[in-house]
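Listing of final-v3.cif; format and content: mmCIF, C-alpha atoms and all ligand atoms.
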data_my_file
#
loop_
_atom_site.label_atom_id
_atom_site.label_comp_id
_atom_site.auth_asym_id
_atom_site.auth_seq_id
_atom_site.Cartn_x
_atom_site.Cartn_y
_atom_site.Cartn_z
CA MET A 1 29.51 37.97 29.30
CA LEU A 2 28.49 41.52 30.19
CA GLN A 3 24.88 41.75 31.24
CA ASP A 4 22.64 44.51 32.61
CA GLN A 5 19.83 44.43 35.14
CA PHE A 6 17.28 43.80 32.35
CA ASN A 7 19.13 40.60 31.31
CA ARG A 8 20.40 42.17 28.11
CA ARG A 9 23.79 40.80 27.07
CA PHE A 10 26.43 42.91 25.35
CA SER A 11 28.52 41.24 22.67
CA TYR A 12 28.90 44.19 20.30
CA LEU A 13 31.17 47.24 20.66
CA ARG A 14 30.83 50.32 18.49
CA LEU A 15 34.14 52.11 18.66
CA SER A 16 34.47 55.65 17.34
CA LEU A 17 37.91 56.37 15.90
CA THR A 18 37.52 60.12 15.44
CA GLU A 19 34.93 62.89 15.79
CA SER A 20 36.22 64.48 12.60
CA CYS A 21 34.21 64.20 9.41
CA ASN A 22 34.73 65.53 5.90
CA PHE A 23 30.99 65.47 5.03
CA ARG A 24 28.41 68.04 6.03
CA CYS A 25 25.24 65.98 6.42
CA SER A 26 22.31 68.29 7.13
CA TYR A 27 21.05 66.17 10.04
CA CYS A 28 24.44 65.62 11.68
CA LEU A 29 27.22 68.13 10.97
CA PRO A 30 25.81 70.79 8.62
CA ASP A 31 28.85 72.96 9.30
CA GLY A 32 31.36 70.12 9.20
CA ASN A 33 33.64 69.06 12.01
CA GLU A 34 37.27 70.02 11.90
CA CYS A 35 38.16 68.69 15.33
CA SER A 36 40.70 70.18 17.62
CA SER A 37 40.72 66.94 19.59
CA ARG A 38 42.40 64.79 16.93
CA SER A 39 45.69 64.56 18.82
CA GLU A 40 43.74 63.14 21.79
CA GLU A 41 42.14 60.27 19.88
CA LEU A 42 42.66 56.78 21.29
CA THR A 43 46.00 55.43 20.09
CA LEU A 44 46.58 52.03 18.51
CA PRO A 45 48.02 50.49 21.75
CA GLU A 46 45.02 51.85 23.70
CA ILE A 47 42.62 50.42 21.11
CA LYS A 48 44.35 47.04 21.36
CA ARG A 49 43.99 47.00 25.17
CA LEU A 50 40.39 48.17 24.98
CA VAL A 51 39.33 45.56 22.42
CA THR A 52 41.24 42.80 24.23
CA ALA A 53 39.43 43.64 27.47
CA PHE A 54 36.02 43.78 25.75
CA ALA A 55 36.72 40.44 24.03
CA LEU A 56 37.50 38.86 27.41
CA CYS A 57 34.07 40.13 28.53
CA GLY A 58 32.33 38.39 25.63
CA THR A 59 32.45 41.00 22.85
CA ARG A 60 32.44 39.22 19.50
CA LYS A 61 31.82 42.04 17.03
CA ILE A 62 33.50 45.45 16.70
CA ARG A 63 32.19 48.24 14.49
CA LEU A 64 34.62 51.05 13.69
CA THR A 65 32.79 54.31 13.23
CA GLY A 66 33.05 58.03 13.87
CA GLY A 67 33.10 60.85 12.64
CA GLU A 68 34.60 59.37 9.53
CA PRO A 69 36.83 56.42 10.48
CA SER A 70 38.67 56.44 7.15
CA LEU A 71 40.24 59.78 8.12
CA ARG A 72 42.49 57.83 10.51
CA ARG A 73 45.84 57.28 8.83
CA ASP A 74 46.40 54.14 10.92
CA LEU A 75 43.01 52.65 9.97
CA CYS A 76 44.45 49.47 8.41
CA ASN A 77 46.56 48.83 11.50
CA ILE A 78 43.47 49.35 13.65
CA ILE A 79 41.43 46.87 11.57
CA ALA A 80 44.24 44.29 11.67
CA THR A 81 44.76 44.78 15.41
CA CYS A 82 41.05 44.32 16.21
CA LYS A 83 40.86 41.28 13.93
CA ALA A 84 43.84 39.63 15.65
CA VAL A 85 42.32 39.86 19.14
CA PRO A 86 41.27 36.36 20.28
CA GLY A 87 37.48 36.15 20.52
CA ILE A 88 36.71 38.89 17.99
CA GLU A 89 34.80 37.20 15.20
CA GLN A 90 33.79 40.18 13.10
CA VAL A 91 35.31 43.58 12.37
CA ALA A 92 32.87 45.93 10.66
CA MET A 93 33.03 49.59 9.71
CA THR A 94 30.60 52.40 8.86
CA THR A 95 31.87 54.95 6.36
CA ASN A 96 30.64 57.79 4.18
CA GLY A 97 32.47 56.10 1.29
CA TYR A 98 34.79 59.01 0.53
CA ARG A 99 37.87 56.73 0.51
CA LEU A 100 36.04 53.53 -0.44
CA LYS A 101 37.27 53.16 -4.01
CA ARG A 102 40.83 54.03 -3.10
CA ASP A 103 41.14 51.95 0.07
CA ILE A 104 38.72 49.01 0.02
CA GLN A 105 41.39 46.51 -1.06
CA SER A 106 43.68 47.49 1.82
CA TRP A 107 40.79 47.37 4.32
CA LEU A 108 39.96 43.86 3.14
CA ASP A 109 43.63 42.83 3.28
CA ALA A 110 43.71 44.09 6.87
CA GLY A 111 40.79 41.79 7.72
CA LEU A 112 37.61 43.88 7.40
CA ASP A 113 34.58 41.58 7.34
CA ALA A 114 31.64 43.92 6.91
CA LEU A 115 31.00 47.42 5.65
CA ASN A 116 28.11 49.87 5.92
CA VAL A 117 28.21 52.78 3.50
CA SER A 118 25.97 55.78 4.04
CA VAL A 119 24.03 56.71 0.91
CA ASP A 120 21.14 59.08 1.61
CA SER A 121 19.99 59.45 -1.98
CA LEU A 122 20.51 57.80 -5.37
CA ASP A 123 19.99 61.14 -7.07
CA PRO A 124 23.35 62.96 -7.41
CA ALA A 125 21.87 66.43 -6.80
CA THR A 126 19.93 65.34 -3.70
CA PHE A 127 22.96 63.46 -2.41
CA ALA A 128 25.07 66.62 -2.76
CA LEU A 129 22.39 68.72 -1.07
CA VAL A 130 22.08 66.40 1.93
CA THR A 131 25.77 65.56 2.44
CA GLY A 132 27.57 68.65 1.13
CA GLN A 133 29.65 66.38 -1.14
CA ASP A 134 28.98 65.97 -4.86
CA ARG A 135 30.43 62.45 -4.96
CA LEU A 136 27.59 59.98 -5.46
CA PRO A 137 28.93 58.31 -8.68
CA ASP A 138 32.34 57.72 -7.11
CA ILE A 139 30.78 56.22 -3.97
CA LEU A 140 28.50 53.93 -5.99
CA GLU A 141 31.53 52.73 -7.97
CA GLY A 142 33.23 52.04 -4.63
CA ILE A 143 30.23 49.98 -3.51
CA ASP A 144 30.32 47.88 -6.68
CA LEU A 145 34.07 47.44 -6.27
CA ALA A 146 33.68 46.28 -2.66
CA SER A 147 31.09 43.80 -3.83
CA SER A 148 33.24 42.48 -6.67
CA LEU A 149 36.18 42.06 -4.29
CA GLY A 150 34.01 39.69 -2.27
CA ILE A 151 33.41 41.55 1.00
CA LYS A 152 31.41 39.25 3.27
CA LYS A 153 28.68 41.75 4.26
CA LEU A 154 27.81 45.01 2.55
CA LYS A 155 25.03 47.38 3.57
CA LEU A 156 23.87 50.82 2.59
CA ASN A 157 22.57 53.15 5.31
CA THR A 158 19.94 55.67 4.23
CA VAL A 159 18.57 58.16 6.73
CA LEU A 160 14.89 58.53 5.92
CA LEU A 161 14.16 62.21 5.14
CA ARG A 162 10.62 63.37 4.43
CA GLN A 163 11.46 65.95 1.77
CA HIS A 164 14.70 64.55 0.35
CA ASN A 165 14.45 60.83 -0.21
CA ALA A 166 11.07 59.45 0.94
CA GLY A 167 9.91 59.52 -2.70
CA GLU A 168 12.89 57.50 -3.92
CA LEU A 169 11.71 54.09 -2.72
CA PRO A 170 11.23 52.73 -6.28
CA ASP A 171 14.84 53.70 -7.12
CA PHE A 172 16.16 52.06 -3.95
CA MET A 173 14.18 48.89 -4.72
CA ALA A 174 15.62 48.85 -8.24
CA PHE A 175 19.12 49.34 -6.80
CA VAL A 176 18.93 46.11 -4.78
CA LYS A 177 17.27 44.10 -7.54
CA GLN A 178 20.55 42.93 -9.09
CA ARG A 179 22.91 43.64 -6.20
CA ALA A 180 23.38 41.36 -3.19
CA VAL A 181 23.46 44.28 -0.77
CA THR A 182 21.11 45.24 2.01
CA LEU A 183 19.78 48.75 2.11
CA ARG A 184 18.63 50.02 5.47
CA PHE A 185 16.40 52.98 6.07
CA ILE A 186 17.19 54.58 9.42
CA GLU A 187 14.56 56.85 10.89
CA LEU A 188 15.98 60.28 11.52
CA MET A 189 16.82 60.70 15.22
CA GLN A 190 16.61 63.94 17.08
CA THR A 191 19.87 65.18 18.60
CA GLY A 192 20.78 68.33 20.53
CA ASP A 193 21.83 70.18 17.35
CA ASN A 194 19.21 69.17 14.77
CA ASN A 195 15.84 70.15 16.29
CA ALA A 196 14.55 72.32 13.43
CA PHE A 197 15.77 69.89 10.77
CA PHE A 198 14.22 66.98 12.68
CA ALA A 199 10.85 68.76 12.88
CA ARG A 200 10.83 69.25 9.09
CA GLN A 201 12.27 65.92 7.97
CA HIS A 202 11.37 63.16 10.41
CA LEU A 203 9.19 60.47 8.88
CA SER A 204 8.15 57.22 10.53
CA GLY A 205 9.47 54.06 8.90
CA ASP A 206 5.92 52.69 9.00
CA SER A 207 5.06 54.46 5.75
CA ILE A 208 7.98 52.72 4.02
CA LYS A 209 6.97 49.41 5.59
CA GLN A 210 3.48 49.68 4.10
CA GLN A 211 4.88 50.50 0.66
CA LEU A 212 7.28 47.55 0.84
CA LEU A 213 4.50 45.14 1.79
CA GLN A 214 2.31 46.46 -1.03
CA ALA A 215 5.16 45.92 -3.50
CA GLY A 216 5.46 42.25 -2.51
CA TRP A 217 8.28 42.47 0.03
CA LEU A 218 8.07 40.02 2.93
CA LEU A 219 9.15 40.53 6.51
CA GLY A 220 11.88 38.02 7.40
CA ALA A 221 12.07 36.14 10.70
CA LYS A 222 14.56 37.53 13.21
CA ASP A 223 17.21 35.30 14.68
CA ALA A 224 18.16 35.56 18.34
CA HIS A 225 21.30 37.66 17.73
CA ALA A 226 19.82 40.00 15.11
CA GLY A 227 20.19 43.76 15.53
CA PRO A 228 17.27 46.18 15.75
CA ALA A 229 16.44 46.23 12.01
CA GLN A 230 13.26 44.71 10.57
CA GLU A 231 14.55 42.93 7.46
CA PHE A 232 12.47 42.51 4.29
CA PHE A 233 13.17 40.30 1.30
CA HIS A 234 11.61 39.85 -2.13
CA PRO A 235 11.82 36.73 -4.30
CA GLN A 236 12.81 38.77 -7.35
CA HIS A 237 15.48 40.88 -5.66
CA GLN A 238 19.01 39.75 -4.83
CA GLY A 239 19.39 42.33 -2.09
CA GLY A 240 17.26 43.15 0.93
CA ILE A 241 15.76 46.20 2.58
CA GLY A 242 15.81 46.85 6.33
CA LEU A 243 14.09 49.36 8.54
CA ILE A 244 15.54 50.77 11.73
CA MET A 245 12.83 52.48 13.72
CA PRO A 246 14.26 53.86 16.96
CA TYR A 247 10.91 55.44 17.90
CA SER A 248 9.06 52.15 17.76
CA LYS A 249 7.89 50.34 20.87
CA ASP A 250 10.42 47.95 22.44
CA PHE A 251 13.25 49.17 20.18
CA CYS A 252 15.71 48.91 23.09
CA ALA A 253 14.51 45.55 24.41
CA ASP A 254 17.20 43.60 22.56
CA CYS A 255 20.00 46.17 22.87
CA ASN A 256 23.30 44.30 22.63
CA ARG A 257 25.77 47.14 22.07
CA LEU A 258 28.04 49.45 24.01
CA ARG A 259 29.84 52.48 22.65
CA VAL A 260 33.25 53.98 23.26
CA SER A 261 34.05 57.41 21.85
CA SER A 262 37.32 58.34 20.17
CA LEU A 263 38.38 59.99 23.44
CA GLY A 264 37.79 56.82 25.46
CA GLU A 265 34.40 57.64 26.99
CA LEU A 266 32.00 54.76 27.56
CA TYR A 267 28.41 55.54 26.44
CA LEU A 268 25.74 53.11 27.58
CA CYS A 269 23.29 54.49 25.00
CA LEU A 270 23.32 56.93 22.07
CA PHE A 271 20.98 59.22 23.98
CA THR A 272 22.20 59.41 27.54
CA GLU A 273 23.61 62.08 29.78
CA GLN A 274 25.88 59.51 31.34
CA HIS A 275 29.31 58.80 29.96
CA ARG A 276 32.42 57.82 31.87
CA SER A 277 36.00 57.82 30.75
CA LEU A 278 37.80 54.50 30.84
CA ARG A 279 40.95 55.84 29.25
CA HIS A 280 42.92 55.79 32.48
CA LEU A 281 42.45 52.01 32.50
CA LEU A 282 44.12 51.67 29.11
CA ALA A 283 47.53 52.95 30.18
CA GLN A 284 48.55 49.39 30.98
CA ASP A 285 47.35 45.84 30.28
CA ASP A 286 44.68 45.34 32.94
CA PRO A 287 41.61 43.73 31.36
CA GLU A 288 40.20 42.81 34.77
CA ALA A 289 40.03 46.50 35.75
CA VAL A 290 38.20 47.26 32.48
CA ARG A 291 35.80 44.37 33.11
CA GLN A 292 34.95 45.65 36.59
CA PHE A 293 34.44 49.17 35.21
CA LEU A 294 32.09 47.88 32.51
CA GLN A 295 30.10 45.61 34.79
CA HIS A 296 29.67 48.40 37.34
CA SER A 297 28.71 50.95 34.64
CA LEU A 298 26.05 48.60 33.30
CA LEU A 299 24.15 48.89 36.58
CA PHE A 300 23.19 52.37 35.36
CA LYS A 301 21.99 51.48 31.86
CA SER A 302 18.34 52.37 31.56
CA SER A 303 15.74 50.12 29.97
CA SER A 304 15.18 52.49 27.04
CA HIS A 305 16.12 55.82 25.55
CA ALA A 306 13.59 58.63 25.98
CA LEU A 307 13.62 60.00 22.44
CA ALA A 308 9.85 60.04 22.28
CA GLU A 309 9.92 62.67 25.05
CA GLN A 310 12.56 64.59 23.08
CA LYS A 311 15.23 63.70 25.63
CA THR A 312 18.38 63.46 23.54
CA GLY A 313 20.85 63.31 26.44
CA ALA A 314 24.28 64.85 25.96
CA THR A 315 24.31 63.96 22.27
CA ARG A 316 24.65 67.10 20.12
CA HIS A 317 25.17 65.01 16.98
CA LEU A 318 25.94 61.35 16.35
CA ALA A 319 29.49 62.02 15.13
CA MET A 320 30.39 62.73 18.78
CA ILE A 321 29.84 59.12 19.76
CA GLY A 322 29.71 57.17 16.54
CA GLY A 323 26.23 56.62 15.10
N1 LIG B 401 30.96 58.91 8.77
C1 LIG B 401 30.41 57.61 8.77
C2 LIG B 401 29.15 57.58 7.90
O1 LIG B 401 28.83 58.61 7.30
O2 LIG B 401 28.56 56.53 7.79
C3 LIG B 401 30.14 57.02 10.14
C4 LIG B 401 29.54 57.91 11.18
S1 LIG B 401 27.86 58.36 10.94
C5 LIG B 401 27.53 59.26 12.41
C6 LIG B 401 27.04 56.81 11.16
C7 LIG B 401 25.63 56.72 10.66
O3 LIG B 401 24.80 57.53 11.47
C8 LIG B 401 25.44 57.21 9.23
O4 LIG B 401 24.76 56.22 8.49
C9 LIG B 401 24.58 58.44 9.38
O5 LIG B 401 23.75 58.64 8.28
C10 LIG B 401 23.81 58.11 10.64
N2 LIG B 401 23.28 59.28 11.33
C11 LIG B 401 23.92 60.39 11.73
N3 LIG B 401 23.08 61.24 12.35
C12 LIG B 401 21.87 60.65 12.35
C13 LIG B 401 20.58 61.03 12.86
N4 LIG B 401 20.40 62.17 13.50
N5 LIG B 401 19.57 60.16 12.71
C14 LIG B 401 19.76 58.97 12.08
N6 LIG B 401 20.93 58.56 11.60
C15 LIG B 401 21.98 59.39 11.72
#
Will you turn the file into structure tokens for me?
Amino acid sequence: MLQDQFNRRFSYLRLSLTESCNFRCSYCLPDGNECSSRSEELTLPEIKRLVTAFALCGTRKIRLTGGEPSLRRDLCNIIATCKAVPGIEQVAMTTNGYRLKRDIQSWLDAGLDALNVSVDSLDPATFALVTGQDRLPDILEGIDLASSLGIKKLKLNTVLLRQHNAGELPDFMAFVKQRAVTLRFIELMQTGDNNAFFARQHLSGDSIKQQLLQAGWLLGAKDAHAGPAQEFFHPQHQGGIGLIMPYSKDFCADCNRLRVSSLGELYLCLFTEQHRSLRHLLAQDDPEAVRQFLQHSLLFKSSSHALAEQKTGATRHLAMIGG
């Protein structure tokens, strides 16, 4: 199992399939991202070698992300390939939901276990304003379809935005009352490109936490392998609400994830200057070379990001690495 000098163990790989995205989220890619690098994205054979090597190092969960992963034409083959790698127990994906209604059945047939869909507002006009896409009803239908088709895990990601959605908490609570989905508020993170937007819109998750507690929500216990979210439940709601607060103390203490970009760069953290290409190791089957590369790279993983000091590393926006 991969381990760093702070005894953190890494069993989770977030793999970006493309930097391209067809949404224009105000905090990420307000001008969109038509990438010139698409022809250089990791190929299916490279992905197979990468995931096989990670699995031999103890990786058990893969999340496909981006950019927008559903823009990859070979997405179903990628899902099926990851799922077939011995040792991989869960294949998850994060999507903006653009292709959800059309493609969910084929993603499930390929072996997808878990899906996160980004939904920044339940108000169609606000959703369009934040994402640049007037598609909320279609995406919500896709979410209900995914649920009715029996996907094992379904979550909504909502970036907490002071002026756009902080007042929508009652609507979000109502949304999860009859649906067995988890909604997660993610605190807005500063990146190289979003400084002015961050200054206007960042809001600490603490304010939401207080409102949840006042409305009768209870903080659940965390199990040993849980991610960074604080999870809340309510006896009268089928779904749950989680909070991801990257600015909170000790956020990085349980970090269990590594990231590889769509161009084959290893990122030890979302907010680091350091990234190293491992693509040259994927030209042939040589998992031992990948293992040595990963173990050596981990010597340089720092104990925590430095977001509180506004150090965002080389990250201009999260679509570069996969949020
Ligand atoms: N295109 C997919 C999507 O929209 O979910 C996957 C990629 S996107 C970069 C992954 C997640 O990162 C989304 O939930 C998005 O809202 C979140 N995200 C992007 N930039 C962020 C930021 N600056 N702070 C917090 N979350 C961010």
Top pick for closest residue to ligand LIG 401 (chain B), considering A:Arg291, A:Arg49, A:His234, A:Arg72 and counting all atoms listed in the file: A:Arg72
Cut-off 7 Å, all atoms listed in the file, neighbours of ligand LIG 401 (chain B) as JSON, numbers by chain: {"A": [21, 27, 28, 65, 66, 67, 68, 69, 94, 95, 96, 116, 117, 118, 157, 158, 159, 186, 187, 188, 189, 190, 191, 317, 318, 319, 322, 323]}
How would the residues just chosen look if you wrote them out with C-alpha atoms as a JSON list (two decimals), keeping the file's coordinate frame?
[["chain", "number", "residue", "atom", "x", "y", "z"],
["A", 21, "CYS", "CA", 34.21, 64.20, 9.41],
["A", 27, "TYR", "CA", 21.05, 66.17, 10.04],
["A", 28, "CYS", "CA", 24.44, 65.62, 11.68],
["A", 65, "THR", "CA", 32.79, 54.31, 13.23],
["A", 66, "GLY", "CA", 33.05, 58.03, 13.87],
["A", 67, "GLY", "CA", 33.10, 60.85, 12.64],
["A", 68, "GLU", "CA", 34.60, 59.37, 9.53],
["A", 69, "PRO", "CA", 36.83, 56.42, 10.48],
["A", 94, "THR", "CA", 30.60, 52.40, 8.86],
["A", 95, "THR", "CA", 31.87, 54.95, 6.36],
["A", 96, "ASN", "CA", 30.64, 57.79, 4.18],
["A", 116, "ASN", "CA", 28.11, 49.87, 5.92],
["A", 117, "VAL", "CA", 28.21, 52.78, 3.50],
["A", 118, "SER", "CA", 25.97, 55.78, 4.04],
["A", 157, "ASN", "CA", 22.57, 53.15, 5.31],
["A", 158, "THR", "CA", 19.94, 55.67, 4.23],
["A", 159, "VAL", "CA", 18.57, 58.16, 6.73],
["A", 186, "ILE", "CA", 17.19, 54.58, 9.42],
["A", 187, "GLU", "CA", 14.56, 56.85, 10.89],
["A", 188, "LEU", "CA", 15.98, 60.28, 11.52],
["A", 189, "MET", "CA", 16.82, 60.70, 15.22],
["A", 190, "GLN", "CA", 16.61, 63.94, 17.08],
["A", 191, "THR", "CA", 19.87, 65.18, 18.60],
["A", 317, "HIS", "CA", 25.17, 65.01, 16.98],
["A", 318, "LEU", "CA", 25.94, 61.35, 16.35],
["A", 319, "ALA", "CA", 29.49, 62.02, 15.13],
["A", 322, "GLY", "CA", 29.71, 57.17, 16.54],
["A", 323, "GLY", "CA", 26.23, 56.62, 15.10]]
Pick from A:Asp4, A:Glu34, A:Glu40, A:Asp250 nearest to Lys301 of chain A, counting only C-alpha atoms: A:Asp4
Spatial neighbours of Ala92 of chain A, 8 Å, only C-alpha atoms, chain gap at least 3 places, as a PyMOL selection string: chain A and resi 61-64+112-116
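Atom pair atom CA of Pro30 of chain A / atom CA of Arg102 of chain A has a distance of 25.4 Å (rounded to one decimal).
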Quick one: segment 117-141 of chain A with N, CA and C atoms, as a PDB file, in the coordinates of the input?
ATOM      1  N   VAL A 117      27.896  51.525   4.173  1.00  0.00           N
ATOM      2  CA  VAL A 117      28.210  52.780   3.500  1.00  0.00           C
ATOM      3  C   VAL A 117      26.961  53.655   3.540  1.00  0.00           C
ATOM      4  N   SER A 118      27.129  54.895   3.944  1.00  0.00           N
ATOM      5  CA  SER A 118      25.970  55.780   4.040  1.00  0.00           C
ATOM      6  C   SER A 118      25.667  56.391   2.680  1.00  0.00           C
ATOM      7  N   VAL A 119      24.454  56.163   2.202  1.00  0.00           N
ATOM      8  CA  VAL A 119      24.030  56.710   0.910  1.00  0.00           C
ATOM      9  C   VAL A 119      22.609  57.242   1.100  1.00  0.00           C
ATOM     10  N   ASP A 120      22.457  58.535   1.254  1.00  0.00           N
ATOM     11  CA  ASP A 120      21.140  59.080   1.610  1.00  0.00           C
ATOM     12  C   ASP A 120      20.247  59.344   0.408  1.00  0.00           C
ATOM     13  N   SER A 121      20.823  59.298  -0.786  1.00  0.00           N
ATOM     14  CA  SER A 121      19.990  59.450  -1.980  1.00  0.00           C
ATOM     15  C   SER A 121      20.706  58.812  -3.161  1.00  0.00           C
ATOM     16  N   LEU A 122      19.921  58.320  -4.125  1.00  0.00           N
ATOM     17  CA  LEU A 122      20.510  57.800  -5.370  1.00  0.00           C
ATOM     18  C   LEU A 122      20.474  58.851  -6.461  1.00  0.00           C
ATOM     19  N   ASP A 123      19.995  60.034  -6.115  1.00  0.00           N
ATOM     20  CA  ASP A 123      19.990  61.140  -7.070  1.00  0.00           C
ATOM     21  C   ASP A 123      21.197  62.037  -6.747  1.00  0.00           C
ATOM     22  N   PRO A 124      22.102  62.235  -7.715  1.00  0.00           N
ATOM     23  CA  PRO A 124      23.350  62.960  -7.410  1.00  0.00           C
ATOM     24  C   PRO A 124      23.115  64.348  -6.809  1.00  0.00           C
ATOM     25  N   ALA A 125      22.098  65.064  -7.309  1.00  0.00           N
ATOM     26  CA  ALA A 125      21.870  66.430  -6.800  1.00  0.00           C
ATOM     27  C   ALA A 125      21.363  66.383  -5.355  1.00  0.00           C
ATOM     28  N   THR A 126      20.447  65.464  -5.075  1.00  0.00           N
ATOM     29  CA  THR A 126      19.930  65.340  -3.700  1.00  0.00           C
ATOM     30  C   THR A 126      21.041  64.890  -2.764  1.00  0.00           C
ATOM     31  N   PHE A 127      21.843  63.945  -3.239  1.00  0.00           N
ATOM     32  CA  PHE A 127      22.960  63.460  -2.410  1.00  0.00           C
ATOM     33  C   PHE A 127      23.869  64.629  -2.025  1.00  0.00           C
ATOM     34  N   ALA A 128      24.187  65.472  -3.016  1.00  0.00           N
ATOM     35  CA  ALA A 128      25.070  66.620  -2.760  1.00  0.00           C
ATOM     36  C   ALA A 128      24.417  67.599  -1.785  1.00  0.00           C
ATOM     37  N   LEU A 129      23.111  67.780  -1.950  1.00  0.00           N
ATOM     38  CA  LEU A 129      22.390  68.720  -1.070  1.00  0.00           C
ATOM     39  C   LEU A 129      22.405  68.226   0.377  1.00  0.00           C
ATOM     40  N   VAL A 130      22.178  66.937   0.555  1.00  0.00           N
ATOM     41  CA  VAL A 130      22.080  66.400   1.930  1.00  0.00           C
ATOM     42  C   VAL A 130      23.462  66.284   2.588  1.00  0.00           C
ATOM     43  N   THR A 131      24.474  65.889   1.819  1.00  0.00           N
ATOM     44  CA  THR A 131      25.770  65.560   2.440  1.00  0.00           C
ATOM     45  C   THR A 131      26.828  66.658   2.279  1.00  0.00           C
ATOM     46  N   GLY A 132      26.556  67.625   1.388  1.00  0.00           N
ATOM     47  CA  GLY A 132      27.570  68.650   1.130  1.00  0.00           C
ATOM     48  C   GLY A 132      28.712  68.155   0.270  1.00  0.00           C
ATOM     49  N   GLN A 133      28.579  66.950  -0.307  1.00  0.00           N
ATOM     50  CA  GLN A 133      29.650  66.380  -1.140  1.00  0.00           C
ATOM     51  C   GLN A 133      29.055  65.843  -2.439  1.00  0.00           C
ATOM     52  N   ASP A 134      29.513  66.375  -3.559  1.00  0.00           N
ATOM     53  CA  ASP A 134      28.980  65.970  -4.860  1.00  0.00           C
ATOM     54  C   ASP A 134      29.744  64.733  -5.358  1.00  0.00           C
ATOM     55  N   ARG A 135      29.570  63.602  -4.667  1.00  0.00           N
ATOM     56  CA  ARG A 135      30.430  62.450  -4.960  1.00  0.00           C
ATOM     57  C   ARG A 135      29.658  61.150  -5.154  1.00  0.00           C
ATOM     58  N   LEU A 136      28.362  61.226  -5.417  1.00  0.00           N
ATOM     59  CA  LEU A 136      27.590  59.980  -5.460  1.00  0.00           C
ATOM     60  C   LEU A 136      28.149  58.953  -6.463  1.00  0.00           C
ATOM     61  N   PRO A 137      28.469  59.344  -7.728  1.00  0.00           N
ATOM     62  CA  PRO A 137      28.930  58.310  -8.680  1.00  0.00           C
ATOM     63  C   PRO A 137      30.170  57.578  -8.186  1.00  0.00           C
ATOM     64  N   ASP A 138      31.099  58.326  -7.602  1.00  0.00           N
ATOM     65  CA  ASP A 138      32.340  57.720  -7.110  1.00  0.00           C
ATOM     66  C   ASP A 138      32.033  56.719  -5.974  1.00  0.00           C
ATOM     67  N   ILE A 139      31.113  57.097  -5.098  1.00  0.00           N
ATOM     68  CA  ILE A 139      30.780  56.220  -3.970  1.00  0.00           C
ATOM     69  C   ILE A 139      30.072  54.954  -4.461  1.00  0.00           C
ATOM     70  N   LEU A 140      29.190  55.124  -5.455  1.00  0.00           N
ATOM     71  CA  LEU A 140      28.500  53.930  -5.990  1.00  0.00           C
ATOM     72  C   LEU A 140      29.495  53.001  -6.685  1.00  0.00           C
ATOM     73  N   GLU A 141      30.494  53.588  -7.361  1.00  0.00           N
ATOM     74  CA  GLU A 141      31.530  52.730  -7.970  1.00  0.00           C
ATOM     75  C   GLU A 141      32.292  51.979  -6.876  1.00  0.00           C
TER      76      GLU A 141
END
